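Colleague: One structure coming up, written as structure tokens, with questions to follow.
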Amino acid sequence: MSAGPLLSTLRDVEGVIGSFVVDLIGQLRARDMPAMFDDSALQEAGPRIARLKEALETQGEQMELVSLAHGPHSLFLRASGELILCVLAPHEVNQPSLRMGSSLVLRRLPEALANARHATTLPPTHRPPPSAPPGLAPTLPLPPPVPSAAPPAPPAVPAAPPPAAAPPPVPVAASAAKRPRFFRGRLIEDD
């Protein structure tokens, strides 16, 4: 059995939305999550989960089961050896059923991951990049105009001496307007 179908057995527990597995360095090893949770979001969460496990174990006790609550949902973390099983479910999920289901999954998970390593890799979940509102869309400043070299005009009076050497043309500077700066998709106002 591969890791994906094994993780999907956790959905038999009423209310479980999905699950994923990270290792102790935070790399995503397997997933069974809805498409709205793309690989990049889970890969970003992986190192944070690994650091949280490490921080909780600094007092010498092993992390058994941790529940992180946010809004109407909880992320249940359960570690076993080199792996951390993460299960997303509502607060009201049946805790004994979730503990029993996660124990069964964690028991079979190392073998399933070893088999999956020899098989093809997980297909990535693609999501289009978020679109910014038209007023906040990042735009690149226009480059300064290139000075044009016009052909010299024919001399009107041939007897006039040529003017002294003209200074080289000064390039036109870019406008003094500041380029808008964004952080996580939001415009940052400078003081």
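The way I read the labels, and the way they are meant: chains A, B, ... in the order of the structure tokens, residue 1 as the first residue of every chain, and ligand 1 as the first ligand shown, with later ones counted on from there.
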Leaving out range 74-76 of chain A and any residue of its chain fewer than 4 positions from it, which residues lie within 12 Å of it when counting only C-alpha atoms, given as a ChimeraX atom specification?

Modeller: /A:15-21,45,49,63-70,84-95,98-99,102

Colleague: I want to know what sits within 9 Å of range 1-12 of chain A, based on only C-alpha atoms, with residues of the same chain fewer than 6 positions away left out; could you give that as a PDB file with C-alpha atoms, in the first residue's frame?

Modeller:
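Done, and the output landed in out_16.pdb:
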```pdb
ATOM      1  CA  GLY A  18      -7.087  15.501   5.401  1.00  0.00           C
ATOM      2  CA  SER A  19      -3.618  14.571   6.565  1.00  0.00           C
ATOM      3  CA  PHE A  20       0.023  14.867   5.602  1.00  0.00           C
ATOM      4  CA  VAL A  21       3.385  13.617   6.847  1.00  0.00           C
ATOM      5  CA  ARG A  29       6.856  13.053   2.695  1.00  0.00           C
ATOM      6  CA  ALA A  30       3.210  12.225   1.899  1.00  0.00           C
ATOM      7  CA  ARG A  31      -0.146  13.963   1.670  1.00  0.00           C
ATOM      8  CA  ASP A  32      -3.878  13.383   1.498  1.00  0.00           C
ATOM      9  CA  MET A  33      -5.240  16.911   1.634  1.00  0.00           C
ATOM     10  CA  VAL A  87      -4.236  15.554  10.680  1.00  0.00           C
ATOM     11  CA  LEU A  98      -8.495   9.804  15.821  1.00  0.00           C
ATOM     12  CA  GLY A 101      -6.667   5.660  13.447  1.00  0.00           C
ATOM     13  CA  SER A 102      -3.416   7.607  13.633  1.00  0.00           C
ATOM     14  CA  VAL A 105      -1.443   4.682  10.087  1.00  0.00           C
ATOM     15  CA  ARG A 108       2.271   1.111   8.502  1.00  0.00           C
ATOM     16  CA  LEU A 109       3.659   4.458   7.341  1.00  0.00           C
ATOM     17  CA  PRO A 110       7.437   3.714   7.237  1.00  0.00           C
ATOM     18  CA  GLU A 111       6.873   0.687   4.989  1.00  0.00           C
ATOM     19  CA  ALA A 112       4.460   2.618   2.754  1.00  0.00           C
ATOM     20  CA  LEU A 113       6.961   5.462   2.357  1.00  0.00           C
ATOM     21  CA  ALA A 114       9.746   2.999   1.540  1.00  0.00           C
ATOM     22  CA  ASN A 115       7.555   1.429  -1.166  1.00  0.00           C
ATOM     23  CA  ALA A 116       6.575   4.864  -2.471  1.00  0.00           C
ATOM     24  CA  ALA A 119       7.514   4.085  -7.172  1.00  0.00           C
ATOM     25  CA  LEU A 122       3.565  12.367  -5.790  1.00  0.00           C
TER      26      LEU A 122
END
```

Colleague: Measure the distance from CA of Gln43 in chain A to CA of Glu57 in chain A in Å and round it to one decimal.

Modeller: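 Straight-line distance from CA of Gln43 in chain A to CA of Glu57 in chain A works out to 22.0 Å.
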
Colleague: Let me make sure I understand: among A:Leu56, A:Leu83, A:Ala41, A:Leu104, which one has the smallest atom-to-atom distance to Leu24 in chain A if we use only C-alpha atoms?

Modeller: A:Leu83

Colleague: Can you tell me how far CA of Val22 in chain A sits from CA of Ala50 in chain A, in Å to one decimal?

Modeller: 7.7 Å

Colleague: Check range 62-123 of chain A with DSSP on the backbone and list each residue it calls helix (DSSP H, G or I), as a PyMOL selection string.

Modeller: chain A and resi 95-118

Colleague: DSSP on the backbone, then: every residue of range 5-73 of chain A marked strand (DSSP E), written as a PDB file with N, CA and C atoms, in the first residue's frame.

Modeller:
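Generated output (states_20.pdb):
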```pdb
ATOM      1  N   GLY A  18      -8.227  16.025   6.136  1.00  0.00           N
ATOM      2  CA  GLY A  18      -7.087  15.501   5.401  1.00  0.00           C
ATOM      3  C   GLY A  18      -5.907  15.323   6.326  1.00  0.00           C
ATOM      4  N   SER A  19      -4.813  14.798   5.762  1.00  0.00           N
ATOM      5  CA  SER A  19      -3.618  14.571   6.565  1.00  0.00           C
ATOM      6  C   SER A  19      -2.388  14.649   5.674  1.00  0.00           C
ATOM      7  N   PHE A  20      -1.253  14.871   6.306  1.00  0.00           N
ATOM      8  CA  PHE A  20       0.023  14.867   5.602  1.00  0.00           C
ATOM      9  C   PHE A  20       1.108  14.457   6.578  1.00  0.00           C
ATOM     10  N   VAL A  21       2.275  14.110   6.034  1.00  0.00           N
ATOM     11  CA  VAL A  21       3.385  13.617   6.847  1.00  0.00           C
ATOM     12  C   VAL A  21       4.623  14.434   6.517  1.00  0.00           C
ATOM     13  N   VAL A  22       5.323  14.879   7.556  1.00  0.00           N
ATOM     14  CA  VAL A  22       6.616  15.540   7.392  1.00  0.00           C
ATOM     15  C   VAL A  22       7.646  14.763   8.201  1.00  0.00           C
ATOM     16  N   ASP A  23       8.916  14.908   7.807  1.00  0.00           N
ATOM     17  CA  ASP A  23       9.968  14.262   8.587  1.00  0.00           C
ATOM     18  C   ASP A  23      10.544  15.259   9.586  1.00  0.00           C
ATOM     19  N   LEU A  28       8.100  17.510   3.308  1.00  0.00           N
ATOM     20  CA  LEU A  28       6.823  16.850   3.067  1.00  0.00           C
ATOM     21  C   LEU A  28       7.094  15.472   2.488  1.00  0.00           C
ATOM     22  N   ARG A  29       6.602  14.428   3.142  1.00  0.00           N
ATOM     23  CA  ARG A  29       6.856  13.053   2.695  1.00  0.00           C
ATOM     24  C   ARG A  29       5.637  12.421   2.034  1.00  0.00           C
ATOM     25  N   ALA A  30       4.441  12.772   2.483  1.00  0.00           N
ATOM     26  CA  ALA A  30       3.210  12.225   1.899  1.00  0.00           C
ATOM     27  C   ALA A  30       2.066  13.172   2.232  1.00  0.00           C
ATOM     28  N   ARG A  31       0.985  13.070   1.440  1.00  0.00           N
ATOM     29  CA  ARG A  31      -0.146  13.963   1.670  1.00  0.00           C
ATOM     30  C   ARG A  31      -1.445  13.325   1.216  1.00  0.00           C
ATOM     31  N   ASP A  32      -2.507  13.695   1.896  1.00  0.00           N
ATOM     32  CA  ASP A  32      -3.878  13.383   1.498  1.00  0.00           C
ATOM     33  C   ASP A  32      -4.717  14.568   1.974  1.00  0.00           C
ATOM     34  N   VAL A  66      -0.234  16.437  19.940  1.00  0.00           N
ATOM     35  CA  VAL A  66      -0.365  17.883  20.124  1.00  0.00           C
ATOM     36  C   VAL A  66      -1.520  18.353  19.255  1.00  0.00           C
ATOM     37  N   SER A  67      -2.334  19.232  19.795  1.00  0.00           N
ATOM     38  CA  SER A  67      -3.455  19.792  19.063  1.00  0.00           C
ATOM     39  C   SER A  67      -3.259  21.300  18.948  1.00  0.00           C
ATOM     40  N   LEU A  68      -3.202  21.802  17.714  1.00  0.00           N
ATOM     41  CA  LEU A  68      -3.078  23.237  17.454  1.00  0.00           C
ATOM     42  C   LEU A  68      -4.421  23.730  16.928  1.00  0.00           C
ATOM     43  N   ALA A  69      -5.062  24.621  17.658  1.00  0.00           N
ATOM     44  CA  ALA A  69      -6.393  25.107  17.281  1.00  0.00           C
ATOM     45  C   ALA A  69      -6.285  26.433  16.544  1.00  0.00           C
ATOM     46  N   HIS A  70      -7.073  26.565  15.473  1.00  0.00           N
ATOM     47  CA  HIS A  70      -7.163  27.819  14.735  1.00  0.00           C
ATOM     48  C   HIS A  70      -8.557  27.886  14.121  1.00  0.00           C
ATOM     49  N   HIS A  73     -11.081  24.772  13.281  1.00  0.00           N
ATOM     50  CA  HIS A  73     -10.338  23.547  13.009  1.00  0.00           C
ATOM     51  C   HIS A  73      -9.153  23.384  13.952  1.00  0.00           C
TER      52      HIS A  73
END
```

Colleague: For CA of Pro144 in chain A and CA of Ile188 in chain A, determine how far apart the two atoms are, in Å to one decimal place.

Modeller: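 CA of Pro144 in chain A sits 24.8 Å away from CA of Ile188 in chain A.
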